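Asker: So that we are looking at the same thing, I have put the structure below in structure tokens.
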Amino acid sequence: MYVYDEFDRAFLAERVADFRDQVERRLSGALSEDEFKPLRLMNGVYLQLHAYMLRIAIPYGTLSSDQLRRMAHVARVYDRGYGHFTTRQNIQFNWIKLEDLPQAMADLAEVGVHGIQTSGNCIRNVTTDQWAGATPEEFDDPRIWAEILRQYSTFHPEFTYLPRKFKIAITAAPKDRAATKVHDVGLRLHRNEEGELGFEVLVGGGLGRTPFVGKSIRPFLPVRHVLSYIEAIMRVYNQFGRRDNIYKARIKILVHEIGAEAFAEAVEAEWANIRDGALKLTDEIIDDIRARFLYPDFAALEAEPAELKAALEDPRFATWYRNSVHKHKVPGYSIVTISLKPVGAPPGDATADQMDVVADLADAYAFHEIRVGHEQNLCLPNVATKDLPELWRQLDAAELATPNVNHISDIIACPGLDYCALANARAIPVAQEISKRFADLDRSRGIGRLHVNISGCINACGHHHVGHIGILGVEKNGQEFYQITLGGRADEHAQLGTLLGPAVSYDQVPGLIEDIVDAYLELRSSPKELFIDTVHRLGVEPFKERVYATH
Amino acid sequence: MAAPQQQKLKVNGPVAVTANRLSDGAVVWRTAEGNWSTALADAAVVTTAPEAIALLEGAHKRDTDAVGAYVAPVVFGEDGSKLPGNLRERIRVNGVTFTLPGSATPASTLPAA
Ligand code: HEM
Ligand code: SF4
């Protein structure tokens, strides 16, 4: 949990007051739409097909139970009773009236939540591992560094008008759960041989119409230099980034055009001038931020309590436990993933009632803390292992215990043509249909880890390029068609998928996915070989032969 | 302000002008009287580019009622009723194509394409 200071609160209250005034002036006609649009976008307000959408940042994916409850309140009072968790640790409300937006924002601001840095050409909400502070794998809590970057970027005047939006993600564990390699800047925290903490710095990753995996430009940057180094990157980008063409304005295009080496040289030259200046982090500053992260008062508990052993006799609990519970750094505690992918439901959506249930469970069992991960699921990072059986019973009753985490029905999907004004094709119903085809969770367990990612257009909000199976909606003569890619991944071995073959129609997609899975089951060297490894071993050809033969 | 693509607007078939209502984003249609209606049935349907441009220009005169006006295809049902002319417009008119979370109301049923 992070304790905000009064400055942040005052700043938020001011922003809400400004926005209230802007909305009033817009409704009265004093502001034109052209004048108002950038203002609303700065506050996370979009206009979609049938309503306004409010995007709220969940900095580094950390939420308190009070904040989640307040989101439930906003969903219930101003929206249609649900919210949508996105791949960048945001939540979106899809139906809020412009007239109600200032009040909804004021309600959210009371608990320190806002839509700043969720839109526009600024440094966006810095994202990180949803297991931060809890996983034994990490070298440090990455949220400390995300928070340092958040403070620096929020108040940096130059960064309000970048050539294009700018996304930073941080991982502090070798296993990358934050998709750092497909961000404009990815920071990978580790220790060098002397035991010092530092970042590997990756730049130029990204999805969208021109996807790239980020390139490493520095293997080790001592942590105290992180701001000056990012500043140097931003200066080089600001100076050379293309503002003339929106499709070429992202840093990835610059890095691609001049090459990672030349880009790194330019950054290093810039950095040499500023590295020991005002942006160098002192121990004092780092310690101050670190002290604001409050960790639970962990008790000395048994690692394998009797309650757990007894509950494991129940096959339903055991299945969920094996799928959704992960090792914690403190013995006797566990990390729990809450699937927001019940079979046949829109991926990533949670009703107001479900949000309340999760908030209550976080109060009862998880030190009031909830996380949001980029796979559009929630997480309780700190649960006493002995409480797992009771927690599971209550999650199960609220349809929040589907044991399909990382399985084929744990699909990432963007809003697509059901909501989004930029879409070519629908994404959510495609996800629903696929998840229904694999409703038999024993079958999907037999298939193992398999990420299906779906985007409704080339902007790639649904991360289709890095899905083990990627599905991209395109339009052909007014009809929805879908291109399928195989072999993408968003983890530490990030890679873009390879096109399987010609696009298929909406109705053909679920069958095609089944055929791909059948081909995998036939082709894998053993049940231990994961889908992604089979694709990498064999390439897409054997899949193509089998799949298109039947269509 | 008409967007550039609307100045060389091609119209082949019936079209109407649609936008989102400023106050809540609801889908609205331009009527022959120069108002906005949430019912497609009330829309002025035209078949030539000059008529469509005239409707658009009317729509752009005031931006406090509706925003983002553009020309959308319309088709006629067997009974002569006005229907949205493509999938995007069908979704705008009928709503999302699945059941909303926690909602008792079933998803809109899309007529076949
Ligand atoms: C109103 C709805 C939305 C609009 C208008 C929208 C718009 C866009 C656009 C235009 C891009 C491409 C940016 C570029 O390549 O420069 C983009 C990228 C992206 N969006 Fe969205 N988006 C929407 C909803 C979402 C949702 C719901 C999610 C999460 C599920 C999301 C996550 C992302 C991500 C992860 C990217 C990544 C690609 C990248 O920047 O490298 N967006 N979005
Ligand atoms: S990928 Fe395209 S369709 Fe999907 S949310 Fe992004 S912009 Fe909309």
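Here's how to read the names in the structure tokens: chain A, B, ... by the order shown, residue numbers from 1 in each chain, ligand numbers from 1 in the order shown.
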If you run DSSP on this backbone, which residues of stretch 316-431 of chain A come out as alpha helix (DSSP H), and could you give them as a PDB file with N, CA and C atoms, in the first residue's frame?

Answerer:
```pdb
ATOM      1  N   ARG A 316     -12.195 -29.892  -6.117  1.00  0.00           N
ATOM      2  CA  ARG A 316     -12.450 -28.563  -6.704  1.00  0.00           C
ATOM      3  C   ARG A 316     -11.499 -27.538  -6.106  1.00  0.00           C
ATOM      4  N   PHE A 317     -11.339 -27.618  -4.781  1.00  0.00           N
ATOM      5  CA  PHE A 317     -10.395 -26.692  -4.148  1.00  0.00           C
ATOM      6  C   PHE A 317      -8.977 -26.962  -4.649  1.00  0.00           C
ATOM      7  N   ALA A 318      -8.640 -28.241  -4.729  1.00  0.00           N
ATOM      8  CA  ALA A 318      -7.275 -28.611  -5.120  1.00  0.00           C
ATOM      9  C   ALA A 318      -6.959 -28.086  -6.521  1.00  0.00           C
ATOM     10  N   THR A 319      -7.937 -28.187  -7.397  1.00  0.00           N
ATOM     11  CA  THR A 319      -7.740 -27.705  -8.770  1.00  0.00           C
ATOM     12  C   THR A 319      -7.488 -26.200  -8.774  1.00  0.00           C
ATOM     13  N   TRP A 320      -8.306 -25.485  -8.029  1.00  0.00           N
ATOM     14  CA  TRP A 320      -8.148 -24.033  -7.958  1.00  0.00           C
ATOM     15  C   TRP A 320      -6.796 -23.674  -7.327  1.00  0.00           C
ATOM     16  N   TYR A 321      -6.456 -24.391  -6.267  1.00  0.00           N
ATOM     17  CA  TYR A 321      -5.208 -24.117  -5.554  1.00  0.00           C
ATOM     18  C   TYR A 321      -4.016 -24.275  -6.495  1.00  0.00           C
ATOM     19  N   ARG A 322      -4.026 -25.368  -7.263  1.00  0.00           N
ATOM     20  CA  ARG A 322      -2.893 -25.611  -8.167  1.00  0.00           C
ATOM     21  C   ARG A 322      -2.833 -24.573  -9.284  1.00  0.00           C
ATOM     22  N   ASN A 323      -3.987 -24.077  -9.653  1.00  0.00           N
ATOM     23  CA  ASN A 323      -4.023 -23.136 -10.775  1.00  0.00           C
ATOM     24  C   ASN A 323      -3.796 -21.689 -10.362  1.00  0.00           C
ATOM     25  N   SER A 324      -4.372 -21.271  -9.254  1.00  0.00           N
ATOM     26  CA  SER A 324      -4.491 -19.834  -8.986  1.00  0.00           C
ATOM     27  C   SER A 324      -3.689 -19.345  -7.782  1.00  0.00           C
ATOM     28  N   ALA A 352     -20.087  -4.545 -10.092  1.00  0.00           N
ATOM     29  CA  ALA A 352     -19.930  -3.770  -8.856  1.00  0.00           C
ATOM     30  C   ALA A 352     -20.005  -4.701  -7.651  1.00  0.00           C
ATOM     31  N   ASP A 353     -20.913  -5.672  -7.704  1.00  0.00           N
ATOM     32  CA  ASP A 353     -21.037  -6.601  -6.574  1.00  0.00           C
ATOM     33  C   ASP A 353     -19.760  -7.425  -6.411  1.00  0.00           C
ATOM     34  N   GLN A 354     -19.206  -7.864  -7.528  1.00  0.00           N
ATOM     35  CA  GLN A 354     -17.956  -8.638  -7.438  1.00  0.00           C
ATOM     36  C   GLN A 354     -16.819  -7.778  -6.875  1.00  0.00           C
ATOM     37  N   MET A 355     -16.774  -6.521  -7.290  1.00  0.00           N
ATOM     38  CA  MET A 355     -15.728  -5.635  -6.753  1.00  0.00           C
ATOM     39  C   MET A 355     -15.891  -5.502  -5.244  1.00  0.00           C
ATOM     40  N   ASP A 356     -17.128  -5.373  -4.804  1.00  0.00           N
ATOM     41  CA  ASP A 356     -17.360  -5.280  -3.358  1.00  0.00           C
ATOM     42  C   ASP A 356     -16.923  -6.557  -2.641  1.00  0.00           C
ATOM     43  N   VAL A 357     -17.241  -7.704  -3.256  1.00  0.00           N
ATOM     44  CA  VAL A 357     -16.845  -8.976  -2.644  1.00  0.00           C
ATOM     45  C   VAL A 357     -15.324  -9.033  -2.523  1.00  0.00           C
ATOM     46  N   VAL A 358     -14.633  -8.674  -3.600  1.00  0.00           N
ATOM     47  CA  VAL A 358     -13.166  -8.739  -3.570  1.00  0.00           C
ATOM     48  C   VAL A 358     -12.621  -7.768  -2.515  1.00  0.00           C
ATOM     49  N   ALA A 359     -13.216  -6.583  -2.438  1.00  0.00           N
ATOM     50  CA  ALA A 359     -12.762  -5.608  -1.435  1.00  0.00           C
ATOM     51  C   ALA A 359     -12.971  -6.165  -0.026  1.00  0.00           C
ATOM     52  N   ASP A 360     -14.128  -6.774   0.198  1.00  0.00           N
ATOM     53  CA  ASP A 360     -14.402  -7.348   1.525  1.00  0.00           C
ATOM     54  C   ASP A 360     -13.430  -8.488   1.834  1.00  0.00           C
ATOM     55  N   LEU A 361     -13.170  -9.314   0.832  1.00  0.00           N
ATOM     56  CA  LEU A 361     -12.245 -10.436   1.051  1.00  0.00           C
ATOM     57  C   LEU A 361     -10.821  -9.922   1.295  1.00  0.00           C
ATOM     58  N   ALA A 362     -10.479  -8.841   0.611  1.00  0.00           N
ATOM     59  CA  ALA A 362      -9.154  -8.257   0.850  1.00  0.00           C
ATOM     60  C   ALA A 362      -9.063  -7.752   2.290  1.00  0.00           C
ATOM     61  N   ASP A 363     -10.155  -7.191   2.784  1.00  0.00           N
ATOM     62  CA  ASP A 363     -10.162  -6.745   4.185  1.00  0.00           C
ATOM     63  C   ASP A 363     -10.036  -7.925   5.132  1.00  0.00           C
ATOM     64  N   ALA A 364     -10.776  -8.984   4.820  1.00  0.00           N
ATOM     65  CA  ALA A 364     -10.812 -10.122   5.741  1.00  0.00           C
ATOM     66  C   ALA A 364      -9.521 -10.940   5.683  1.00  0.00           C
ATOM     67  N   TYR A 365      -8.949 -11.096   4.491  1.00  0.00           N
ATOM     68  CA  TYR A 365      -7.870 -12.087   4.342  1.00  0.00           C
ATOM     69  C   TYR A 365      -6.587 -11.556   3.722  1.00  0.00           C
ATOM     70  N   LEU A 388      -6.792 -19.898   2.864  1.00  0.00           N
ATOM     71  CA  LEU A 388      -7.147 -20.139   1.460  1.00  0.00           C
ATOM     72  C   LEU A 388      -8.474 -20.881   1.288  1.00  0.00           C
ATOM     73  N   PRO A 389      -8.737 -21.929   2.083  1.00  0.00           N
ATOM     74  CA  PRO A 389     -10.003 -22.645   1.857  1.00  0.00           C
ATOM     75  C   PRO A 389     -11.226 -21.733   2.013  1.00  0.00           C
ATOM     76  N   GLU A 390     -11.219 -20.908   3.050  1.00  0.00           N
ATOM     77  CA  GLU A 390     -12.363 -20.029   3.272  1.00  0.00           C
ATOM     78  C   GLU A 390     -12.437 -18.956   2.174  1.00  0.00           C
ATOM     79  N   LEU A 391     -11.311 -18.421   1.822  1.00  0.00           N
ATOM     80  CA  LEU A 391     -11.266 -17.427   0.743  1.00  0.00           C
ATOM     81  C   LEU A 391     -11.844 -18.028  -0.537  1.00  0.00           C
ATOM     82  N   TRP A 392     -11.416 -19.236  -0.849  1.00  0.00           N
ATOM     83  CA  TRP A 392     -11.872 -19.902  -2.070  1.00  0.00           C
ATOM     84  C   TRP A 392     -13.389 -20.072  -2.056  1.00  0.00           C
ATOM     85  N   ARG A 393     -13.948 -20.510  -0.908  1.00  0.00           N
ATOM     86  CA  ARG A 393     -15.398 -20.708  -0.836  1.00  0.00           C
ATOM     87  C   ARG A 393     -16.129 -19.416  -1.193  1.00  0.00           C
ATOM     88  N   GLN A 394     -15.624 -18.318  -0.679  1.00  0.00           N
ATOM     89  CA  GLN A 394     -16.323 -17.051  -0.920  1.00  0.00           C
ATOM     90  C   GLN A 394     -16.094 -16.539  -2.344  1.00  0.00           C
ATOM     91  N   LEU A 395     -14.897 -16.734  -2.865  1.00  0.00           N
ATOM     92  CA  LEU A 395     -14.656 -16.351  -4.267  1.00  0.00           C
ATOM     93  C   LEU A 395     -15.544 -17.185  -5.185  1.00  0.00           C
ATOM     94  N   ASP A 396     -15.604 -18.475  -4.886  1.00  0.00           N
ATOM     95  CA  ASP A 396     -16.378 -19.399  -5.711  1.00  0.00           C
ATOM     96  C   ASP A 396     -17.846 -18.967  -5.740  1.00  0.00           C
ATOM     97  N   ALA A 397     -18.363 -18.574  -4.589  1.00  0.00           N
ATOM     98  CA  ALA A 397     -19.769 -18.159  -4.512  1.00  0.00           C
ATOM     99  C   ALA A 397     -20.026 -16.919  -5.357  1.00  0.00           C
ATOM    100  N   ILE A 428     -14.733  -9.186 -28.055  1.00  0.00           N
ATOM    101  CA  ILE A 428     -15.294  -9.828 -26.859  1.00  0.00           C
ATOM    102  C   ILE A 428     -16.115 -11.079 -27.200  1.00  0.00           C
ATOM    103  N   PRO A 429     -17.046 -10.995 -28.166  1.00  0.00           N
ATOM    104  CA  PRO A 429     -17.817 -12.214 -28.456  1.00  0.00           C
ATOM    105  C   PRO A 429     -16.950 -13.345 -29.008  1.00  0.00           C
ATOM    106  N   VAL A 430     -15.855 -12.994 -29.674  1.00  0.00           N
ATOM    107  CA  VAL A 430     -14.933 -14.030 -30.159  1.00  0.00           C
ATOM    108  C   VAL A 430     -14.311 -14.740 -28.949  1.00  0.00           C
ATOM    109  N   ALA A 431     -13.888 -13.939 -27.974  1.00  0.00           N
ATOM    110  CA  ALA A 431     -13.315 -14.513 -26.748  1.00  0.00           C
ATOM    111  C   ALA A 431     -14.344 -15.390 -26.040  1.00  0.00           C
TER     112      ALA A 431
END
```

Asker: Need to verify the contact set: B:Pro101, 9 Å, only C-alpha atoms, exclusion of same-chain residues closer than 6 positions in sequence. Can you return it as an NGL selection string?

Answerer: :A and (80-83 or 345-346 or 349-351)

Asker: Just write the chosen residues, all heavy atoms, as a PDB file, in the first residue's frame.

Answerer:
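Result file follows (part.pdb):
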```
ATOM      1  N   ARG A  80     -23.188   1.209 -15.649  1.00  0.00           N
ATOM      2  CA  ARG A  80     -24.174   0.140 -15.704  1.00  0.00           C
ATOM      3  C   ARG A  80     -23.808  -1.046 -14.831  1.00  0.00           C
ATOM      4  O   ARG A  80     -24.042  -2.190 -15.180  1.00  0.00           O
ATOM      5  CB  ARG A  80     -24.372  -0.313 -17.140  1.00  0.00           C
ATOM      6  CG  ARG A  80     -24.916   0.797 -17.993  1.00  0.00           C
ATOM      7  CD  ARG A  80     -25.518   0.294 -19.269  1.00  0.00           C
ATOM      8  NE  ARG A  80     -26.027   1.419 -20.035  1.00  0.00           N
ATOM      9  CZ  ARG A  80     -26.383   1.343 -21.313  1.00  0.00           C
ATOM     10  NH1 ARG A  80     -26.278   0.201 -21.950  1.00  0.00           N
ATOM     11  NH2 ARG A  80     -26.832   2.413 -21.935  1.00  0.00           N
ATOM     12  N   GLY A  81     -23.172  -0.764 -13.702  1.00  0.00           N
ATOM     13  CA  GLY A  81     -22.970  -1.831 -12.729  1.00  0.00           C
ATOM     14  C   GLY A  81     -21.770  -2.721 -12.955  1.00  0.00           C
ATOM     15  O   GLY A  81     -21.670  -3.791 -12.358  1.00  0.00           O
ATOM     16  N   TYR A  82     -20.831  -2.300 -13.810  1.00  0.00           N
ATOM     17  CA  TYR A  82     -19.608  -3.090 -13.950  1.00  0.00           C
ATOM     18  C   TYR A  82     -18.473  -2.202 -14.430  1.00  0.00           C
ATOM     19  O   TYR A  82     -18.681  -1.076 -14.872  1.00  0.00           O
ATOM     20  CB  TYR A  82     -19.815  -4.267 -14.916  1.00  0.00           C
ATOM     21  CG  TYR A  82     -19.970  -3.845 -16.356  1.00  0.00           C
ATOM     22  CD1 TYR A  82     -18.878  -3.865 -17.227  1.00  0.00           C
ATOM     23  CD2 TYR A  82     -21.186  -3.400 -16.844  1.00  0.00           C
ATOM     24  CE1 TYR A  82     -19.014  -3.461 -18.544  1.00  0.00           C
ATOM     25  CE2 TYR A  82     -21.325  -2.990 -18.163  1.00  0.00           C
ATOM     26  CZ  TYR A  82     -20.238  -3.020 -19.002  1.00  0.00           C
ATOM     27  OH  TYR A  82     -20.363  -2.610 -20.295  1.00  0.00           O
ATOM     28  N   GLY A  83     -17.271  -2.724 -14.336  1.00  0.00           N
ATOM     29  CA  GLY A  83     -16.090  -2.038 -14.854  1.00  0.00           C
ATOM     30  C   GLY A  83     -15.246  -3.036 -15.616  1.00  0.00           C
ATOM     31  O   GLY A  83     -15.403  -4.251 -15.464  1.00  0.00           O
ATOM     32  N   ALA A 345     -17.874 -15.289 -20.339  1.00  0.00           N
ATOM     33  CA  ALA A 345     -18.114 -13.896 -19.944  1.00  0.00           C
ATOM     34  C   ALA A 345     -17.105 -12.972 -20.638  1.00  0.00           C
ATOM     35  O   ALA A 345     -16.055 -13.415 -21.082  1.00  0.00           O
ATOM     36  CB  ALA A 345     -17.987 -13.764 -18.434  1.00  0.00           C
ATOM     37  N   PRO A 346     -17.412 -11.678 -20.724  1.00  0.00           N
ATOM     38  CA  PRO A 346     -16.449 -10.752 -21.325  1.00  0.00           C
ATOM     39  C   PRO A 346     -15.167 -10.687 -20.492  1.00  0.00           C
ATOM     40  O   PRO A 346     -15.240 -10.458 -19.282  1.00  0.00           O
ATOM     41  CB  PRO A 346     -17.168  -9.395 -21.277  1.00  0.00           C
ATOM     42  CG  PRO A 346     -18.600  -9.702 -21.040  1.00  0.00           C
ATOM     43  CD  PRO A 346     -18.650 -11.007 -20.306  1.00  0.00           C
ATOM     44  N   ASP A 349     -14.000  -8.095 -17.181  1.00  0.00           N
ATOM     45  CA  ASP A 349     -15.085  -7.325 -16.567  1.00  0.00           C
ATOM     46  C   ASP A 349     -15.367  -7.827 -15.155  1.00  0.00           C
ATOM     47  O   ASP A 349     -15.294  -9.016 -14.883  1.00  0.00           O
ATOM     48  CB  ASP A 349     -16.378  -7.461 -17.384  1.00  0.00           C
ATOM     49  CG  ASP A 349     -16.353  -6.613 -18.645  1.00  0.00           C
ATOM     50  OD1 ASP A 349     -15.334  -5.929 -18.881  1.00  0.00           O
ATOM     51  OD2 ASP A 349     -17.347  -6.626 -19.388  1.00  0.00           O
ATOM     52  N   ALA A 350     -15.697  -6.899 -14.270  1.00  0.00           N
ATOM     53  CA  ALA A 350     -16.142  -7.285 -12.933  1.00  0.00           C
ATOM     54  C   ALA A 350     -17.364  -6.442 -12.602  1.00  0.00           C
ATOM     55  O   ALA A 350     -17.391  -5.241 -12.886  1.00  0.00           O
ATOM     56  CB  ALA A 350     -15.048  -7.049 -11.898  1.00  0.00           C
ATOM     57  N   THR A 351     -18.375  -7.066 -12.030  1.00  0.00           N
ATOM     58  CA  THR A 351     -19.554  -6.304 -11.643  1.00  0.00           C
ATOM     59  C   THR A 351     -19.253  -5.532 -10.355  1.00  0.00           C
ATOM     60  O   THR A 351     -18.311  -5.854  -9.625  1.00  0.00           O
ATOM     61  CB  THR A 351     -20.762  -7.220 -11.380  1.00  0.00           C
ATOM     62  OG1 THR A 351     -20.446  -8.049 -10.258  1.00  0.00           O
ATOM     63  CG2 THR A 351     -21.087  -8.084 -12.593  1.00  0.00           C
TER      64      THR A 351
END
```

Asker: For chain A against chain B, which residues fall within 6 Å using only C-alpha atoms, given as an MDAnalysis selection string?

Answerer: chainID A and resid 29 50:52 97:99 351 418

Asker: Expressed in Å to a single decimal, how great is the separation between atom CA of A:Lys327 and atom CA of A:Gln130?

Answerer: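 Atom CA of A:Gln130 lies at a distance of 13.4 Å from atom CA of A:Lys327.
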
Asker: Using only C-alpha atoms and all ligand atoms, what are the residues with an atom within 8 Å of ligand 2, set out as a VMD selection string?

Answerer: chain A and resid 208 413 to 417 419 to 427 455 to 462 473

Asker: Just want the residues within 8 Å of ligand 1, written as a PyMOL selection string, counting only C-alpha atoms and all ligand atoms.

Answerer: chain A and resi 46-48+53+84-88+90+92+164-167+182-184+205-211+246-247+249-250+376+412-415+419-422+458-463

Asker: Any idea what the distance is between atom CA of A:Phe139 and atom CA of A:Asp387?

Answerer: 27.3 Å

Asker: Enumerate, as an MDAnalysis selection string, the complete set of residues in stretch 254-473 of chain A that a backbone-based DSSP assignment places in strand (DSSP E or B).

Answerer: chainID A and resid 293 325:327 333:338 349:351 369:372 378:384 412:413 452:455 469:473

Asker: For B:Lys8, which residue out of B:Ala52, B:Pro84, B:His60, B:Phe76 is the nearest one, using only C-alpha atoms?

Answerer: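 Closest to B:Lys8, using only C-alpha atoms: B:Ala52.
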
Asker: Rounded to one decimal in Å, what is the spacing between atom CA of A:Val383 and atom CA of A:Leu149?

Answerer: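 We find that atom CA of A:Val383 and atom CA of A:Leu149 lie 28.5 Å from each other.
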
Asker: Need the shell around B:Pro73: protein/DNA/RNA residues with any atom at most 10 Å away, counting only C-alpha atoms. Skip same-chain ones fewer than 4 positions apart. Format as a list of chain:residue names?

Answerer: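 Using only C-alpha atoms, the neighbours found are B:Val11, B:Asn12, B:Gly13, B:Pro14, B:Val15, B:Ala16, B:Val17, B:Thr18, B:Val45, B:Val46, B:Thr47, B:Leu83, B:Pro84, B:Gly85, B:Asn86, B:Glu89.
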
Asker: Stretch 32-35 of chain B: which residues within 7 Å, counting only C-alpha atoms, same-chain residues fewer than 5 positions away excluded, as a list of chain:residue names?

Answerer: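 Contacts, in chain order: B:Ala43, B:Ala44, B:Gly58.
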
Asker: Store the residues picked out above in a file with C-alpha atoms, as a PDB file, in the first residue's frame.

Answerer:
```pdb
ATOM      1  CA  ALA B  43     -33.540  10.222 -39.426  1.00  0.00           C
ATOM      2  CA  ALA B  44     -33.487  12.140 -42.667  1.00  0.00           C
ATOM      3  CA  GLY B  58     -26.396  21.618 -40.656  1.00  0.00           C
TER       4      GLY B  58
END
```

Asker: Write out as a count of residues only which residues come within 8 Å of B:Leu56 when counting only C-alpha atoms, dropping same-chain ones fewer than 5 positions away.

Answerer: 5

Asker: Select, from B:Lys61, B:Lys82, B:Arg30, B:Lys10, the residue with the minimum atom-to-atom distance to B:Ala49, counting only C-alpha atoms.

Answerer: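 Of the candidates, the smallest distance to B:Ala49 is held by B:Lys10.
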